[in-house]
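Here is coords00.txt, consisting of compact mmCIF, C-alpha atoms:
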# COMPACT_ATOMS: atom_id res chain seq x y z
CA MET A 1 -5.07 8.90 2.79
CA LYS A 2 -6.91 6.52 0.50
CA LEU A 3 -4.39 6.78 -2.36
CA ARG A 4 -1.54 5.82 -0.04
CA LYS A 5 -3.52 2.81 1.16
CA ILE A 6 -4.13 1.65 -2.42
CA LEU A 7 -0.46 2.13 -3.34
CA ASN A 8 0.61 0.20 -0.23
CA GLN A 9 -1.68 -2.69 -1.14
CA ILE A 10 -0.38 -2.79 -4.71
CA ALA A 11 3.25 -2.73 -3.59
CA GLU A 12 2.69 -5.35 -0.88
CA LYS A 13 0.87 -7.75 -3.21
CA MET A 14 3.41 -7.30 -6.01
CA SER A 15 6.26 -7.92 -3.56
CA ILE A 16 4.67 -11.06 -2.16
CA VAL A 17 4.04 -12.52 -5.62
CA ILE A 18 7.50 -11.64 -6.94
CA LEU A 19 9.25 -13.00 -3.86
CA ALA A 20 7.21 -16.23 -3.95
CA VAL A 21 8.04 -16.77 -7.63
CA MET A 22 11.71 -16.05 -6.94
CA VAL A 23 11.83 -18.57 -4.09
CA ILE A 24 10.18 -21.23 -6.25
CA LEU A 25 12.59 -20.53 -9.13
CA VAL A 26 15.70 -20.62 -6.95
CA VAL A 27 14.64 -23.81 -5.14
CA TRP A 28 13.84 -25.39 -8.50
CA GLN A 29 17.20 -24.29 -9.89
CA VAL A 30 19.13 -25.69 -6.91
CA GLY A 31 17.19 -28.96 -7.04
CA ALA A 32 17.72 -29.31 -10.77
CA ARG A 33 21.41 -28.52 -10.50
CA TYR A 34 22.34 -30.71 -7.52
CA ILE A 35 19.76 -33.48 -7.52
CA MET A 36 19.03 -34.02 -11.22
CA LYS A 37 22.45 -32.75 -12.41
CA ALA A 38 20.69 -30.72 -15.11
CA PRO A 39 20.79 -26.97 -14.39
CA ILE A 40 18.05 -24.78 -15.82
CA PRO A 41 19.76 -21.64 -17.14
CA TRP A 42 16.64 -19.53 -17.63
CA SER A 43 15.48 -19.77 -14.01
CA GLU A 44 18.56 -17.94 -12.76
CA GLN A 45 18.13 -15.18 -15.34
CA LEU A 46 14.43 -14.78 -14.60
CA SER A 47 15.21 -14.59 -10.86
CA LYS A 48 17.65 -11.73 -11.56
CA TYR A 49 15.00 -9.81 -13.48
CA LEU A 50 12.40 -10.41 -10.79
CA PHE A 51 14.90 -9.19 -8.21
CA ILE A 52 15.18 -5.89 -10.12
CA TRP A 53 11.40 -5.53 -9.93
CA LEU A 54 11.39 -6.46 -6.24
CA VAL A 55 14.03 -3.86 -5.36
CA LEU A 56 12.35 -1.05 -7.29
CA ILE A 57 8.85 -1.78 -5.99
CA ASN A 58 10.05 -2.12 -2.39
CA SER A 59 12.19 1.03 -2.52
CA THR A 60 9.06 2.86 -3.66
CA TYR A 61 7.09 1.23 -0.86
CA MET A 62 9.67 2.29 1.75
CA PHE A 63 9.60 5.83 0.39
CA GLY A 64 5.82 5.86 0.72
CA LYS A 65 5.97 4.64 4.31
CA LYS A 66 8.79 7.13 5.03
CA GLU A 67 11.00 4.31 6.24
CA HIS A 68 13.75 4.87 3.69
CA MET A 69 17.24 5.88 4.69
CA SER A 70 17.73 9.56 5.38
CA ILE A 71 20.28 11.66 7.18
CA GLY A 72 18.45 14.17 9.32
CA TYR A 73 21.35 15.38 11.45
CA PHE A 74 21.93 18.65 9.59
CA LYS A 75 18.26 19.32 8.99
CA GLU A 76 17.53 18.94 12.71
CA LYS A 77 20.13 21.62 13.52
CA LEU A 78 18.22 24.20 11.46
CA PRO A 79 15.38 26.41 12.73
CA GLN A 80 11.84 25.01 12.48
CA THR A 81 10.93 27.20 9.48
CA ALA A 82 13.98 26.04 7.52
CA GLN A 83 13.14 22.41 8.33
CA ILE A 84 9.65 22.88 6.94
CA VAL A 85 11.00 24.45 3.75
CA ILE A 86 13.53 21.62 3.33
CA ASN A 87 10.81 19.01 3.83
CA TYR A 88 8.75 20.61 1.04
CA LEU A 89 11.84 20.87 -1.16
CA ILE A 90 12.65 17.19 -0.64
CA GLU A 91 9.16 16.16 -1.76
CA VAL A 92 9.28 18.43 -4.83
CA VAL A 93 12.75 17.21 -5.87
CA THR A 94 11.70 13.59 -5.38
CA PHE A 95 8.57 14.18 -7.49
CA VAL A 96 10.61 15.78 -10.28
CA PHE A 97 13.20 12.96 -10.13
CA ALA A 98 10.48 10.32 -10.26
CA GLY A 99 8.78 12.11 -13.14
CA PHE A 100 11.75 12.76 -15.35
CA ILE A 101 14.25 10.04 -14.54
CA LEU A 102 12.11 7.09 -13.55
CA ILE A 103 8.93 7.63 -15.54
CA LEU A 104 10.20 9.40 -18.65
CA GLY A 105 13.66 7.79 -18.72
CA GLY A 106 12.22 4.39 -17.83
CA TYR A 107 9.62 4.69 -20.57
CA MET A 108 12.32 5.53 -23.11
CA ALA A 109 14.47 2.61 -21.93
CA MET A 110 11.44 0.34 -22.10
CA LYS A 111 10.67 1.43 -25.68
CA ILE A 112 14.28 0.76 -26.70
CA GLY A 113 14.28 -2.58 -24.87
CA ILE A 114 11.04 -3.95 -26.32
CA PRO A 115 12.62 -5.33 -29.52
CA GLN A 116 15.62 -6.73 -27.60
CA LYS A 117 15.24 -10.31 -26.43
CA ASP A 118 17.11 -11.95 -23.57
CA ALA A 119 19.29 -14.75 -24.89
CA ALA A 120 18.56 -17.19 -22.06
CA ILE A 121 14.79 -16.89 -21.78
CA GLY A 122 13.71 -14.99 -24.86
CA ILE A 123 11.60 -12.39 -23.06
CA SER A 124 11.61 -8.79 -24.16
CA MET A 125 13.97 -6.56 -22.21
CA GLY A 126 11.13 -4.05 -22.20
CA PHE A 127 9.58 -6.23 -19.46
CA VAL A 128 12.65 -5.70 -17.29
CA TYR A 129 12.82 -1.96 -17.99
CA ALA A 130 9.08 -1.55 -17.31
CA ALA A 131 9.91 -1.67 -13.61
CA LEU A 132 11.37 1.85 -13.89
CA PRO A 133 8.30 3.78 -15.06
CA ILE A 134 5.99 1.74 -12.83
CA SER A 135 8.08 2.39 -9.71
CA GLY A 136 8.49 6.01 -10.83
CA LEU A 137 4.73 6.48 -11.11
CA MET A 138 4.24 4.96 -7.67
CA THR A 139 7.03 7.14 -6.23
CA ALA A 140 5.47 10.27 -7.76
CA LEU A 141 2.06 9.37 -6.33
CA TYR A 142 3.60 8.68 -2.92
CA GLY A 143 5.33 12.07 -3.24
CA VAL A 144 1.97 13.76 -3.77
CA CYS A 145 0.61 11.96 -0.68
CA ASN A 146 3.67 13.00 1.35
CA PHE A 147 3.33 16.62 0.19
CA ILE A 148 -0.35 16.72 1.16
CA ASP A 149 0.53 15.19 4.55
CA LEU A 150 3.16 17.90 5.07
CA VAL A 151 0.66 20.65 4.24
CA LYS A 152 -1.86 19.19 6.68
CA LYS A 153 0.76 18.70 9.39
CA ASN A 154 2.10 22.25 9.05
CA ALA A 155 -1.41 23.71 8.99
CA LYS A 156 -2.22 21.90 12.24
CA SER A 157 1.04 22.95 13.90
CA SER A 158 0.49 26.61 12.97
CA GLU A 159 -3.07 26.43 14.39
CA ILE A 160 -1.69 24.98 17.61
CA SER A 161 0.99 27.66 17.87
CA LEU A 162 -1.63 30.39 17.28
CA ASP A 163 -3.83 28.88 20.00
CA LYS A 164 -0.85 28.79 22.39
CA LYS A 165 -0.04 32.45 21.66
CA ALA A 166 -3.64 33.45 22.27
CA ALA A 167 -3.77 31.48 25.52
CA SER A 168 -0.49 32.96 26.76
CA SER A 169 -1.63 36.52 26.06
CA GLY A 170 -4.74 35.92 28.15
CA SER A 171 -7.19 36.63 25.36
CA ASN A 172 -9.47 34.00 23.94
CA LYS A 173 -10.70 35.05 20.52
CA THR A 174 -12.01 31.67 19.47
CA CYS A 175 -15.66 32.51 20.18
CA LEU A 176 -17.17 35.60 18.60
CA THR A 177 -19.81 35.98 21.30
CA ASP A 178 -17.20 36.18 24.08
CA CYS A 179 -15.16 38.81 22.26
CA ARG A 180 -17.71 41.61 22.52

What do you get writing this file as structure tokens?
Amino acid sequence: MKLRKILNQIAEKMSIVILAVMVILVVWQVGARYIMKAPIPWSEQLSKYLFIWLVLINSTYMFGKKEHMSIGYFKEKLPQTAQIVINYLIEVVTFVFAGFILILGGYMAMKIGIPQKDAAIGISMGFVYAALPISGLMTALYGVCNFIDLVKKNAKSSEISLDKKAASSGSNKTCLTDCR
């Protein structure tokens, strides 16, 4: 799906840039502290805020790639139909969570945080809180992609099962000319 590919590219590029900046900041901080004996307090604080962004963007990325942690033991014990229903339910609940908690709640936190300034570096806390609605939007979009993938997968599996039933009954009704 094209949307998933775009989201993956955004998440990958953001992660690379954030991680590179964090590495530079931490190396600079260690060098300044131990070599020059003059620690730079703002670099540690900025690294913490970038780490928040990195975690939220990468958790969204893992959700989109379906490589996040899940416990499938109980779901696998259920009949196939119940598993399909649970898969749809998981995607809907995730979409609602991303919409209300991450996007809406993150936006409200960001609005409240905009006038607040960090004491060490003087940036607006709205910058830190902006990671919530951005990761929420990406999670919601990944949820839509996952839902569409489930619909396509279940449509294909039901076509296959119908073809198997038709083949096992000895009748082939796939061609209208042969059915006369």

All residues 8 Å or closer to Met22 (chain A), all atoms listed in the file, same chain fewer than 6 positions away omitted, as a PyMOL selection string | chain A and resi 47+50-51

Would you list the contacts of region 2-10 of chain A as a PyMOL selection string, taking every protein, DNA or RNA residue within 9 Å and counting all atoms listed in the file, but skipping same-chain residues closer than 2 positions in sequence?
-> chain A and resi 12-15+61+64-65+138+141-142+145-146

With 12 Å as the cut-off and all atoms listed in the file counted, what is the closest atom pair between each nearby residue of region 60-167 of chain A and region 23-46 of chain A? Distances in Å to one decimal, ordered by chain and number, as a tab-separated table.
residue	atom	partner	partner_atom	distance
A:Asp118	CA	A:Gln45	CA	8.9
A:Ala119	CA	A:Trp42	CA	9.1
A:Ala120	CA	A:Trp42	CA	5.4
A:Ile121	CA	A:Trp42	CA	5.3
A:Gly122	CA	A:Trp42	CA	9.0
A:Ile123	CA	A:Leu46	CA	9.2
A:Ser124	CA	A:Leu46	CA	11.6
A:Met125	CA	A:Leu46	CA	11.2
A:Phe127	CA	A:Leu46	CA	11.0
A:Val128	CA	A:Leu46	CA	9.6

Just write the chosen residues, C-alpha atoms, as an mmCIF file, in the coordinates of the input.
data_model
loop_
_atom_site.group_PDB
_atom_site.id
_atom_site.type_symbol
_atom_site.label_atom_id
_atom_site.label_comp_id
_atom_site.auth_asym_id
_atom_site.auth_seq_id
_atom_site.Cartn_x
_atom_site.Cartn_y
_atom_site.Cartn_z
ATOM 1 C CA ASP A 118 17.110 -11.950 -23.570
ATOM 2 C CA ALA A 119 19.290 -14.750 -24.890
ATOM 3 C CA ALA A 120 18.560 -17.190 -22.060
ATOM 4 C CA ILE A 121 14.790 -16.890 -21.780
ATOM 5 C CA GLY A 122 13.710 -14.990 -24.860
ATOM 6 C CA ILE A 123 11.600 -12.390 -23.060
ATOM 7 C CA SER A 124 11.610 -8.790 -24.160
ATOM 8 C CA MET A 125 13.970 -6.560 -22.210
ATOM 9 C CA PHE A 127 9.580 -6.230 -19.460
ATOM 10 C CA VAL A 128 12.650 -5.700 -17.290
#

Counting all atoms listed in the file, figure out which residue out of A:Asn87, A:Thr139, A:Thr60, A:Gln80 gets nearest to Val151 (chain A).
-> A:Asn87

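Picture a line from CA of Ile16 (chain A) to CA of Met1 (chain A); it runs 22.8 Å.
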
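For the pair CA of Pro133 (chain A) and CA of Leu104 (chain A), the separation is 6.9 Å.
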
Point (10.0, 2.0, -10.7), cut-off 10 Å, counting all atoms listed in the file, residues as a PyMOL selection string | chain A and resi 52-60+98+101-103+106+129-140

Can you tell me, as a PyMOL selection string, what residues are no more than 12 Å from Gln83 (chain A) when counting all atoms listed in the file, ignoring any on the same chain fewer than 5 positions away?
-> chain A and resi 72-78+88-90+150+154

For C-alpha atoms, I'd like the residues from the last selection saved as a compact mmCIF listing (two decimals), in the frame of the given file.
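Full text of part37.txt as output:
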# COMPACT_ATOMS: atom_id res chain seq x y z
CA GLY A 72 18.45 14.17 9.32
CA TYR A 73 21.35 15.38 11.45
CA PHE A 74 21.93 18.65 9.59
CA LYS A 75 18.26 19.32 8.99
CA GLU A 76 17.53 18.94 12.71
CA LYS A 77 20.13 21.62 13.52
CA LEU A 78 18.22 24.20 11.46
CA TYR A 88 8.75 20.61 1.04
CA LEU A 89 11.84 20.87 -1.16
CA ILE A 90 12.65 17.19 -0.64
CA LEU A 150 3.16 17.90 5.07
CA ASN A 154 2.10 22.25 9.05

Between A:Ile84, A:Phe100, A:Pro115, A:Tyr107, single out the one closest to Ser157 (chain A), counting only C-alpha atoms.
->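 Among the listed residues, A:Ile84 lies closest to Ser157 (chain A).
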
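You will find CA of Thr94 (chain A) at 6.9 Å from CA of Gly143 (chain A).
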
Nearest-residue call for Gly126 (chain A), choices A:Tyr49, A:Val96, A:Ile18, A:Glu91, using only C-alpha atoms |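 The answer is A:Tyr49, which sits nearest to Gly126 (chain A).
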
Best match for closeness to Phe63 (chain A) among A:Lys48, A:Ala11, A:Val21, A:Lys156, counting only C-alpha atoms |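 Checking each candidate against Phe63 (chain A), we get A:Ala11 as the closest.
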